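**Student:** Structure: upload_16.tsv, TSV, C-alpha atoms.
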```tsv
chain	number	residue	atom	x	y	z
A	1	MET	CA	35.01	-25.62	-14.26
A	2	SER	CA	35.68	-22.63	-16.54
A	3	TRP	CA	38.65	-21.83	-18.77
A	4	ASP	CA	39.57	-19.35	-21.53
A	5	ASN	CA	39.89	-20.15	-25.26
A	6	LYS	CA	43.70	-20.64	-25.04
A	7	GLN	CA	43.35	-23.02	-22.14
A	8	GLY	CA	42.01	-26.50	-22.66
A	9	PRO	CA	40.14	-28.58	-20.16
A	10	TRP	CA	43.58	-29.97	-19.18
A	11	GLY	CA	45.31	-26.57	-18.49
A	12	ARG	CA	47.01	-23.81	-20.52
A	13	GLU	CA	48.20	-25.13	-23.86
A	14	GLN	CA	48.05	-28.67	-22.48
A	15	ARG	CA	46.84	-31.77	-24.38
A	16	PRO	CA	45.57	-35.05	-23.03
A	17	PRO	CA	48.33	-37.63	-22.67
A	18	GLU	CA	46.65	-39.98	-25.11
A	19	ILE	CA	46.55	-37.38	-27.88
A	20	ASP	CA	50.21	-36.45	-27.28
A	21	GLU	CA	51.24	-40.06	-27.62
A	22	LEU	CA	49.24	-40.47	-30.81
A	23	LEU	CA	50.75	-37.32	-32.30
A	24	GLU	CA	54.28	-38.39	-31.38
A	25	LYS	CA	53.75	-41.80	-32.96
A	26	ALA	CA	52.27	-40.17	-36.07
A	27	GLN	CA	55.26	-37.80	-36.29
A	28	ASP	CA	57.68	-40.68	-35.94
A	29	ARG	CA	55.98	-42.62	-38.73
A	30	ILE	CA	55.96	-39.59	-40.99
A	31	LYS	CA	59.60	-38.96	-40.12
A	32	ASN	CA	60.50	-42.50	-41.08
A	33	PHE	CA	58.40	-42.19	-44.25
A	34	PHE	CA	60.40	-39.13	-45.34
A	35	GLY	CA	63.76	-40.73	-44.58
A	36	GLY	CA	64.23	-39.42	-41.07
A	37	LYS	CA	63.56	-35.81	-41.94
A	38	ARG	CA	61.29	-33.86	-39.67
A	39	PHE	CA	58.15	-32.37	-41.20
A	40	PRO	CA	55.94	-32.15	-38.12
A	41	ALA	CA	53.48	-29.50	-39.36
A	42	ILE	CA	53.07	-30.89	-42.89
A	43	GLY	CA	52.84	-34.45	-41.65
A	44	LEU	CA	50.21	-33.58	-39.08
A	45	LEU	CA	48.10	-31.81	-41.65
A	46	LEU	CA	48.52	-34.70	-44.05
A	47	VAL	CA	47.41	-37.24	-41.44
A	48	LEU	CA	44.42	-35.15	-40.42
A	49	GLY	CA	43.44	-34.66	-44.04
A	50	VAL	CA	43.64	-38.37	-44.74
A	51	LEU	CA	41.59	-39.16	-41.65
A	52	LEU	CA	38.95	-36.61	-42.57
A	53	TRP	CA	38.83	-37.92	-46.14
A	54	LEU	CA	38.41	-41.48	-44.92
A	55	ALA	CA	35.70	-40.32	-42.51
A	56	THR	CA	33.60	-39.15	-45.47
A	57	GLY	CA	32.96	-42.81	-46.22
A	58	ILE	CA	30.89	-43.30	-43.06
A	59	TYR	CA	27.15	-42.75	-43.48
A	60	GLN	CA	23.92	-43.65	-41.74
A	61	VAL	CA	20.78	-45.01	-43.45
A	62	ASN	CA	17.51	-44.56	-41.52
A	63	GLN	CA	14.89	-47.25	-41.00
A	64	ASP	CA	12.57	-45.94	-43.72
A	65	GLN	CA	15.41	-45.53	-46.24
A	66	VAL	CA	17.75	-47.47	-48.47
A	67	GLY	CA	21.17	-46.37	-49.67
A	68	VAL	CA	22.15	-46.48	-53.35
A	69	VAL	CA	25.94	-46.46	-53.81
A	70	GLN	CA	27.65	-45.23	-56.98
A	71	ARG	CA	31.33	-45.58	-57.79
A	72	PHE	CA	32.54	-42.87	-60.13
A	73	GLY	CA	28.88	-42.31	-61.06
A	74	ARG	CA	28.12	-45.96	-61.85
A	75	TYR	CA	25.66	-47.93	-59.74
A	76	THR	CA	27.32	-50.63	-57.61
A	77	ARG	CA	24.95	-51.73	-54.80
A	78	THR	CA	21.94	-50.98	-52.62
A	79	VAL	CA	22.24	-51.17	-48.83
A	80	GLY	CA	19.60	-51.32	-46.12
A	81	PRO	CA	19.14	-49.33	-42.91
A	82	GLY	CA	22.06	-49.00	-40.50
A	83	LEU	CA	25.62	-47.64	-40.27
A	84	HIS	CA	27.70	-48.25	-43.42
A	85	TRP	CA	31.05	-47.37	-44.92
A	86	LYS	CA	31.89	-46.66	-48.52
A	87	LEU	CA	34.96	-45.50	-50.33
A	88	PRO	CA	35.67	-41.85	-49.48
A	89	SER	CA	34.18	-38.86	-51.21
A	90	GLY	CA	35.18	-38.51	-54.82
A	91	ILE	CA	35.23	-42.26	-55.36
A	92	GLU	CA	31.87	-43.50	-54.15
A	93	LYS	CA	28.65	-41.63	-53.51
A	94	ALA	CA	25.71	-42.81	-51.40
A	95	THR	CA	22.21	-41.51	-52.17
A	96	LYS	CA	19.52	-42.10	-49.57
A	97	VAL	CA	16.06	-42.94	-50.88
A	98	ALA	CA	13.01	-42.94	-48.56
A	99	SER	CA	11.49	-46.16	-49.90
A	100	GLN	CA	8.88	-46.54	-47.11
A	101	ARG	CA	7.57	-43.00	-47.18
A	102	ILE	CA	4.17	-42.35	-48.78
A	103	TYR	CA	4.17	-39.43	-51.22
A	104	GLN	CA	1.14	-37.85	-52.86
A	105	GLU	CA	0.32	-35.73	-55.87
A	106	GLU	CA	-2.88	-33.67	-56.03
A	107	PHE	CA	-4.82	-32.84	-59.18
A	108	GLY	CA	-7.54	-30.19	-59.27
A	109	LEU	CA	-6.93	-29.24	-55.64
A	110	ARG	CA	-4.09	-28.31	-53.29
A	111	THR	CA	-3.81	-28.89	-49.55
A	112	LEU	CA	-2.88	-25.72	-47.70
A	113	ARG	CA	-2.89	-27.17	-44.18
A	114	ALA	CA	-3.40	-30.79	-43.18
A	115	GLY	CA	-5.03	-31.74	-39.90
A	116	VAL	CA	-8.36	-32.46	-38.32
A	117	ARG	CA	-9.84	-29.70	-40.47
A	118	THR	CA	-7.85	-29.85	-43.65
A	119	GLU	CA	-7.73	-26.59	-45.59
A	120	TYR	CA	-7.65	-26.64	-49.38
A	121	ALA	CA	-6.90	-23.95	-51.92
A	122	PRO	CA	-9.83	-22.70	-54.05
A	123	GLU	CA	-10.59	-25.29	-56.72
A	124	ARG	CA	-10.98	-22.63	-59.40
A	125	GLN	CA	-7.22	-22.11	-59.38
A	126	TYR	CA	-6.67	-25.69	-60.54
A	127	GLU	CA	-9.85	-26.24	-62.56
A	128	ARG	CA	-7.80	-26.87	-65.70
A	129	GLU	CA	-6.43	-30.08	-64.20
A	130	SER	CA	-9.81	-31.48	-63.17
A	131	LEU	CA	-12.01	-30.33	-66.10
A	132	MET	CA	-12.68	-33.35	-68.31
A	133	LEU	CA	-15.05	-34.63	-71.01
A	134	THR	CA	-17.10	-37.77	-70.37
A	135	GLY	CA	-18.04	-40.45	-72.86
A	136	ASP	CA	-21.49	-38.92	-73.41
A	137	LEU	CA	-19.92	-35.50	-74.20
A	138	ASN	CA	-20.58	-33.79	-70.86
A	139	CYS	CA	-18.14	-31.60	-68.91
A	140	VAL	CA	-17.27	-32.73	-65.39
A	141	LEU	CA	-14.82	-31.67	-62.65
A	142	VAL	CA	-12.85	-34.63	-61.27
A	143	PRO	CA	-10.32	-33.74	-58.54
A	144	TRP	CA	-8.20	-36.64	-57.35
A	145	VAL	CA	-5.14	-37.58	-55.28
A	146	VAL	CA	-2.43	-40.12	-56.19
A	147	ARG	CA	-0.52	-41.70	-53.30
A	148	TYR	CA	2.63	-43.71	-54.01
A	149	ARG	CA	5.97	-44.87	-52.69
A	150	ILE	CA	9.35	-45.68	-54.24
A	151	GLY	CA	9.33	-49.40	-54.99
A	152	ASP	CA	12.55	-49.64	-57.03
A	153	PRO	CA	15.25	-47.11	-55.99
A	154	TYR	CA	17.49	-47.97	-58.95
A	155	ASN	CA	14.81	-47.18	-61.57
A	156	PHE	CA	13.68	-44.17	-59.57
A	157	LEU	CA	17.17	-42.62	-59.62
A	158	PHE	CA	18.55	-43.60	-63.02
A	159	ARG	CA	15.75	-44.39	-65.49
A	160	ILE	CA	13.80	-41.13	-65.70
A	161	ARG	CA	15.15	-37.60	-65.45
A	162	ASP	CA	12.09	-36.04	-63.74
A	163	VAL	CA	10.03	-38.76	-62.06
A	164	ARG	CA	7.52	-36.39	-60.47
A	165	GLU	CA	6.67	-34.63	-63.72
A	166	THR	CA	6.39	-37.95	-65.52
A	167	LEU	CA	4.01	-39.23	-62.85
A	168	ARG	CA	1.79	-36.16	-63.14
A	169	ASP	CA	1.65	-36.36	-66.92
A	170	LEU	CA	0.83	-40.07	-66.94
A	171	ALA	CA	-1.74	-39.69	-64.14
A	172	GLU	CA	-3.58	-36.88	-65.90
A	173	ALA	CA	-3.57	-38.70	-69.24
A	174	THR	CA	-4.82	-41.94	-67.67
A	175	MET	CA	-7.60	-40.26	-65.70
A	176	ARG	CA	-8.83	-38.40	-68.77
A	177	THR	CA	-8.88	-41.64	-70.74
A	178	VAL	CA	-10.86	-43.50	-68.09
A	179	VAL	CA	-13.36	-40.65	-67.63
A	180	GLY	CA	-13.76	-40.42	-71.40
A	181	ASP	CA	-14.82	-44.07	-71.46
A	182	HIS	CA	-17.66	-43.56	-68.96
A	183	SER	CA	-20.87	-41.57	-68.89
A	184	LEU	CA	-21.50	-38.54	-66.69
A	185	ASP	CA	-23.79	-40.53	-64.40
A	186	GLU	CA	-21.10	-43.21	-63.91
A	187	VAL	CA	-18.41	-40.63	-63.13
A	188	LEU	CA	-20.64	-38.90	-60.55
A	189	ASN	CA	-21.95	-42.04	-58.85
A	190	GLN	CA	-19.23	-44.70	-59.32
A	191	ARG	CA	-16.12	-42.92	-58.07
A	192	GLU	CA	-14.56	-46.00	-56.44
A	193	GLU	CA	-14.77	-48.00	-59.65
A	194	ILE	CA	-13.27	-45.11	-61.64
A	195	ALA	CA	-10.42	-44.77	-59.11
A	196	SER	CA	-9.69	-48.52	-59.12
A	197	LEU	CA	-9.60	-48.71	-62.92
A	198	THR	CA	-7.38	-45.62	-63.11
A	199	GLN	CA	-4.95	-47.09	-60.56
A	200	GLN	CA	-4.59	-50.30	-62.56
A	201	GLU	CA	-3.94	-48.51	-65.84
A	202	LEU	CA	-1.61	-45.91	-64.31
A	203	GLN	CA	0.45	-48.59	-62.54
A	204	ALA	CA	0.84	-50.41	-65.86
A	205	ALA	CA	2.01	-47.16	-67.51
A	206	LEU	CA	4.52	-46.45	-64.70
A	207	ASP	CA	5.88	-50.00	-64.91
A	208	GLY	CA	6.26	-49.63	-68.67
A	209	ALA	CA	8.22	-46.41	-68.17
A	210	LYS	CA	10.37	-48.10	-65.46
A	211	SER	CA	9.70	-45.25	-63.06
A	212	GLY	CA	10.33	-47.33	-59.92
A	213	LEU	CA	7.09	-46.05	-58.34
A	214	PHE	CA	4.41	-48.19	-56.71
A	215	LEU	CA	0.90	-46.77	-56.34
A	216	THR	CA	-0.80	-47.29	-52.99
A	217	THR	CA	-4.15	-45.57	-53.58
A	218	ILE	CA	-5.94	-43.22	-55.95
A	219	GLU	CA	-8.76	-41.29	-54.31
A	220	LEU	CA	-11.32	-39.22	-56.18
A	221	GLY	CA	-12.65	-36.07	-54.57
A	222	LYS	CA	-16.17	-34.69	-54.96
A	223	THR	CA	-17.01	-34.90	-58.65
A	224	ASN	CA	-19.37	-32.28	-60.02
A	225	VAL	CA	-20.18	-30.27	-63.12
A	226	PRO	CA	-18.78	-26.75	-63.70
A	227	GLU	CA	-20.67	-23.86	-62.15
A	228	THR	CA	-21.53	-22.41	-65.57
A	229	VAL	CA	-23.62	-25.47	-66.46
A	230	GLN	CA	-24.94	-26.20	-62.96
A	231	PRO	CA	-28.46	-24.72	-63.60
A	232	SER	CA	-28.86	-26.75	-66.78
A	233	PHE	CA	-27.58	-29.81	-65.00
A	234	ASN	CA	-30.16	-29.33	-62.23
A	235	GLU	CA	-32.92	-29.06	-64.83
A	236	VAL	CA	-31.73	-32.25	-66.47
A	237	ASN	CA	-31.70	-34.03	-63.10
A	238	ALA	CA	-35.24	-32.81	-62.41
A	239	ALA	CA	-36.37	-34.09	-65.79
A	240	ILE	CA	-34.67	-37.44	-65.16
A	241	GLN	CA	-36.37	-37.74	-61.78
A	242	GLU	CA	-39.75	-36.91	-63.34
A	243	LYS	CA	-39.08	-39.48	-66.02
A	244	GLU	CA	-38.23	-42.13	-63.44
A	245	LYS	CA	-41.38	-41.21	-61.48
A	246	LEU	CA	-43.56	-41.68	-64.56
A	247	ILE	CA	-41.82	-44.96	-65.33
A	248	TYR	CA	-42.50	-46.23	-61.80
A	249	GLU	CA	-46.14	-45.18	-62.03
A	250	ALA	CA	-46.49	-46.88	-65.40
A	251	GLN	CA	-44.90	-50.02	-64.03
A	252	GLY	CA	-47.32	-49.95	-61.09
A	253	ALA	CA	-50.30	-49.65	-63.45
A	254	TYR	CA	-48.83	-52.38	-65.62
A	255	ASN	CA	-48.40	-54.68	-62.63
A	256	LYS	CA	-52.04	-54.04	-61.67
A	257	VAL	CA	-53.78	-54.26	-65.06
A	258	ILE	CA	-51.78	-57.00	-66.74
A	259	PRO	CA	-52.35	-59.69	-64.08
A	260	GLU	CA	-56.07	-58.83	-64.06
A	261	ALA	CA	-56.28	-59.07	-67.84
A	262	ARG	CA	-54.34	-62.32	-67.78
A	263	GLY	CA	-56.78	-63.70	-65.19
A	264	LYS	CA	-59.75	-62.79	-67.38
A	265	ALA	CA	-58.05	-64.27	-70.41
A	266	ASP	CA	-57.33	-67.48	-68.53
A	267	LYS	CA	-60.98	-67.62	-67.42
A	268	VAL	CA	-62.24	-67.17	-70.98
A	269	ILE	CA	-59.80	-69.75	-72.27
A	270	GLN	CA	-60.83	-72.25	-69.63
A	271	GLY	CA	-64.53	-71.61	-70.42
A	272	ALA	CA	-63.88	-72.09	-74.11
A	273	GLU	CA	-61.97	-75.26	-73.45
A	274	GLY	CA	-64.82	-76.55	-71.27
A	275	TYR	CA	-67.36	-75.63	-73.95
A	276	ALA	CA	-65.27	-77.37	-76.57
A	277	VAL	CA	-65.03	-80.52	-74.45
A	278	ASN	CA	-68.82	-80.42	-73.86
A	279	ARG	CA	-69.60	-79.98	-77.54
A	280	VAL	CA	-67.26	-82.79	-78.47
A	281	LYS	CA	-68.89	-85.08	-75.93
A	282	GLU	CA	-72.38	-84.13	-77.16
A	283	ALA	CA	-71.33	-84.70	-80.76
A	284	GLN	CA	-69.84	-88.04	-79.85
A	285	GLY	CA	-73.13	-88.93	-78.06
A	286	ASP	CA	-75.18	-87.86	-81.06
A	287	VAL	CA	-72.99	-89.92	-83.32
A	288	ALA	CA	-73.32	-92.93	-81.07
A	289	ARG	CA	-77.11	-92.49	-80.90
A	290	PHE	CA	-77.34	-92.07	-84.65
A	291	LEU	CA	-75.26	-95.16	-85.23
A	292	ALA	CA	-77.48	-97.10	-82.83
A	293	LEU	CA	-80.60	-95.92	-84.67
A	294	TYR	CA	-79.01	-96.74	-87.97
A	295	GLU	CA	-78.31	-100.26	-86.83
A	296	GLU	CA	-81.99	-100.64	-85.77
A	297	TYR	CA	-83.12	-99.03	-89.03
A	298	LYS	CA	-81.22	-101.59	-91.04
A	299	LYS	CA	-83.00	-104.37	-89.17
A	300	ALA	CA	-86.57	-102.97	-89.59
A	301	LYS	CA	-86.71	-99.94	-91.86
A	302	GLU	CA	-90.49	-99.32	-91.89
A	303	VAL	CA	-90.94	-99.79	-88.17
A	304	THR	CA	-87.96	-97.59	-87.37
A	305	ARG	CA	-89.08	-94.88	-89.84
A	306	ARG	CA	-92.57	-94.78	-88.36
A	307	ARG	CA	-91.21	-94.69	-84.82
A	308	LEU	CA	-88.91	-91.81	-85.67
A	309	TYR	CA	-91.82	-90.00	-87.34
A	310	LEU	CA	-94.06	-90.44	-84.35
A	311	GLU	CA	-91.32	-89.33	-81.94
A	312	ALA	CA	-90.70	-86.22	-84.03
A	313	ILE	CA	-94.44	-85.38	-84.16
A	314	SER	CA	-94.73	-85.95	-80.40
A	315	ALA	CA	-91.89	-83.55	-79.79
A	316	MET	CA	-93.22	-80.93	-82.22
A	317	LEU	CA	-96.97	-80.83	-81.56
A	318	PRO	CA	-96.78	-79.49	-77.98
A	319	ARG	CA	-95.00	-76.43	-79.31
A	320	LEU	CA	-97.82	-75.53	-81.75
A	321	GLY	CA	-100.82	-73.25	-80.98
A	322	LYS	CA	-104.24	-74.01	-82.47
A	323	LYS	CA	-104.40	-77.12	-84.55
A	324	TYR	CA	-106.62	-77.73	-87.61
A	325	VAL	CA	-107.17	-80.96	-89.47
A	326	ILE	CA	-107.97	-80.41	-93.15
A	327	ASP	CA	-109.23	-82.98	-95.59
A	328	ALA	CA	-107.82	-82.41	-99.00
A	329	GLU	CA	-111.10	-83.55	-100.70
A	330	GLN	CA	-113.34	-81.28	-98.61
A	331	LYS	CA	-114.47	-78.12	-100.35
A	332	GLY	CA	-115.01	-76.04	-97.24
A	333	ILE	CA	-113.22	-75.78	-93.98
A	334	LEU	CA	-115.24	-76.88	-91.01
A	335	PRO	CA	-114.01	-77.11	-87.47
A	336	LEU	CA	-114.11	-80.75	-86.58
A	337	LEU	CA	-112.67	-80.43	-83.16
A	338	ASN	CA	-112.60	-77.37	-81.00
A	339	LEU	CA	-108.98	-78.04	-80.21
A	340	GLY	CA	-107.18	-75.57	-78.04
A	341	ALA	CA	-110.32	-73.80	-76.76
A	342	LYS	CA	-110.56	-72.85	-73.15
A	343	GLY	CA	-112.44	-75.27	-71.04
A	344	ASP	CA	-111.94	-78.14	-73.46
A	345	LYS	CA	-111.85	-81.45	-71.79
A	346	PRO	CA	-109.51	-84.06	-72.94
```
Could you show the structure in this file as structure tokens?

**Tutor:**
Amino acid sequence: MSWDNKQGPWGREQRPPEIDELLEKAQDRIKNFFGGKRFPAIGLLLVLGVLLWLATGIYQVNQDQVGVVQRFGRYTRTVGPGLHWKLPSGIEKATKVASQRIYQEEFGLRTLRAGVRTEYAPERQYERESLMLTGDLNCVLVPWVVRYRIGDPYNFLFRIRDVRETLRDLAEATMRTVVGDHSLDEVLNQREEIASLTQQELQAALDGAKSGLFLTTIELGKTNVPETVQPSFNEVNAAIQEKEKLIYEAQGAYNKVIPEARGKADKVIQGAEGYAVNRVKEAQGDVARFLALYEEYKKAKEVTRRRLYLEAISAMLPRLGKKYVIDAEQKGILPLLNLGAKGDKP
């Protein structure tokens, strides 16, 4: 059904019966309020104004939000998701805070377009944020991302004037401190440990400042050295790899030679120990034999002396060559026996 602007859906200049009844009742009440005088236009405007003013107290809080209510600028309460009513505008104010939403701040990089293939701005534009000095006095580029949510809406709204700027300042200071406590090799190869330590220290700093923020993750991007020192860095890496290669070769030679030398040493030691045991046993046997002879010598000295003499001569004579017997009183030397000649018969 169609109608012009002056006609309503109920006919020309017609109103629904319910609205007419409400307006008549409102006019009667206003008439009674002003002592029976008729102020239909002013009263109607006054009623509509009051209704509209009261309607400003109705507000909706979404599922991922909380509502912070202030009365004349002073905090009064925090409400959860749902439909709520507060005192009208000018008396109470409701501020909605997305407490379940994850926010992020980027350092040393900027995301131009998120998606399956995320596009980033050139890192050179933000190199100042990511250029840092390590503990061993080397320059390194450390881009990173801080993800957080609002954990305490009251502190978030009323404690700090600019929460975002405070977060960025604290995050950059904390990351530079952590990187400055580690070597270049640790920063390049232990990114997860650096990120975890930074998150702990940054959360402590945010809690101390009563920022109301709760960190969810800190993720380090690809850490590298600046382009100006990249050739020198590559040469250093090549030298380190050559050094490690030589160390591994030396360790291999060490593992081969040292066990062999230890085996030879053990063999020599065992031989020496065996020789020592043998010599001790022989000495002990000689001592026992000597003591036995000495006991016999004490019993019959002349007999024992002669026997020892004869035994010594018997052991010595076979080792001699030609033998000559000389009489001390004889003036010339004559061969008495052709001892030792070939063909001699015993």

**Student:** Considering only C-alpha atoms, give me a table of residues in region 79-141 of chain A that are at most 12 Å from region 178-185 of chain A, with the closest atom pair and distance in Å for each, as JSON lines.

**Tutor:**
```
{"residue": "A:Ser130", "atom": "CA", "partner": "A:Val179", "partner_atom": "CA", "distance": 10.8}
{"residue": "A:Leu131", "atom": "CA", "partner": "A:Val179", "partner_atom": "CA", "distance": 10.5}
{"residue": "A:Met132", "atom": "CA", "partner": "A:Val179", "partner_atom": "CA", "distance": 7.4}
{"residue": "A:Leu133", "atom": "CA", "partner": "A:Gly180", "partner_atom": "CA", "distance": 5.9}
{"residue": "A:Thr134", "atom": "CA", "partner": "A:Gly180", "partner_atom": "CA", "distance": 4.4}
{"residue": "A:Gly135", "atom": "CA", "partner": "A:Gly180", "partner_atom": "CA", "distance": 4.5}
{"residue": "A:Asp136", "atom": "CA", "partner": "A:Ser183", "partner_atom": "CA", "distance": 5.3}
{"residue": "A:Leu137", "atom": "CA", "partner": "A:Ser183", "partner_atom": "CA", "distance": 8.1}
{"residue": "A:Asn138", "atom": "CA", "partner": "A:Leu184", "partner_atom": "CA", "distance": 6.4}
{"residue": "A:Cys139", "atom": "CA", "partner": "A:Leu184", "partner_atom": "CA", "distance": 8.0}
{"residue": "A:Val140", "atom": "CA", "partner": "A:Leu184", "partner_atom": "CA", "distance": 7.3}
{"residue": "A:Leu141", "atom": "CA", "partner": "A:Val179", "partner_atom": "CA", "distance": 10.4}
```

**Student:** Would you mind reading off the distance between CA of Lys222 (chain A) and CA of Leu112 (chain A), one decimal, in Å?

**Tutor:**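 Between CA of Lys222 (chain A) and CA of Leu112 (chain A) the gap is 17.6 Å.
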
**Student:** Of the candidates A:Asp64, A:Asp207, A:Glu192, A:Glu106, which shows the shortest atom-to-atom distance to Asp152 (chain A), using all atoms listed in the file?

**Tutor:**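 Of A:Asp64, A:Asp207, A:Glu192, A:Glu106, the one nearest Asp152 (chain A) is A:Asp207, counting all atoms listed in the file.
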
**Student:** For CA of Gln60 (chain A) and CA of His84 (chain A), quote the distance in Å rounded to one decimal.

**Tutor:**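 CA of His84 (chain A) lies at a distance of 6.2 Å from CA of Gln60 (chain A).
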
**Student:** Between CA of Gln65 (chain A) and CA of Glu219 (chain A), measure the distance and give it in Å to one decimal.

**Tutor:**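 Going from CA of Gln65 (chain A) over to CA of Glu219 (chain A), I get 25.8 Å.
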
**Student:** For Leu188 (chain A), which of A:Val79, A:Leu220, A:Val146, A:Val50 is the closest residue, counting only C-alpha atoms?

**Tutor:**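 Answer, going by the shortest atom-to-atom distance: A:Leu220.
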
**Student:** If we draw a sphere of 8 Å around (1.4, -44.3, -58.5), which residues have at least one atom in it when counting all atoms listed in the file? Please report them as a list of chain:residue names.

**Tutor:** A:Val146, A:Arg147, A:Tyr148, A:Arg149, A:Leu167, A:Ala171, A:Gln199, A:Leu202, A:Gln203, A:Leu206, A:Leu213, A:Phe214, A:Leu215, A:Thr216, A:Thr217, A:Ile218
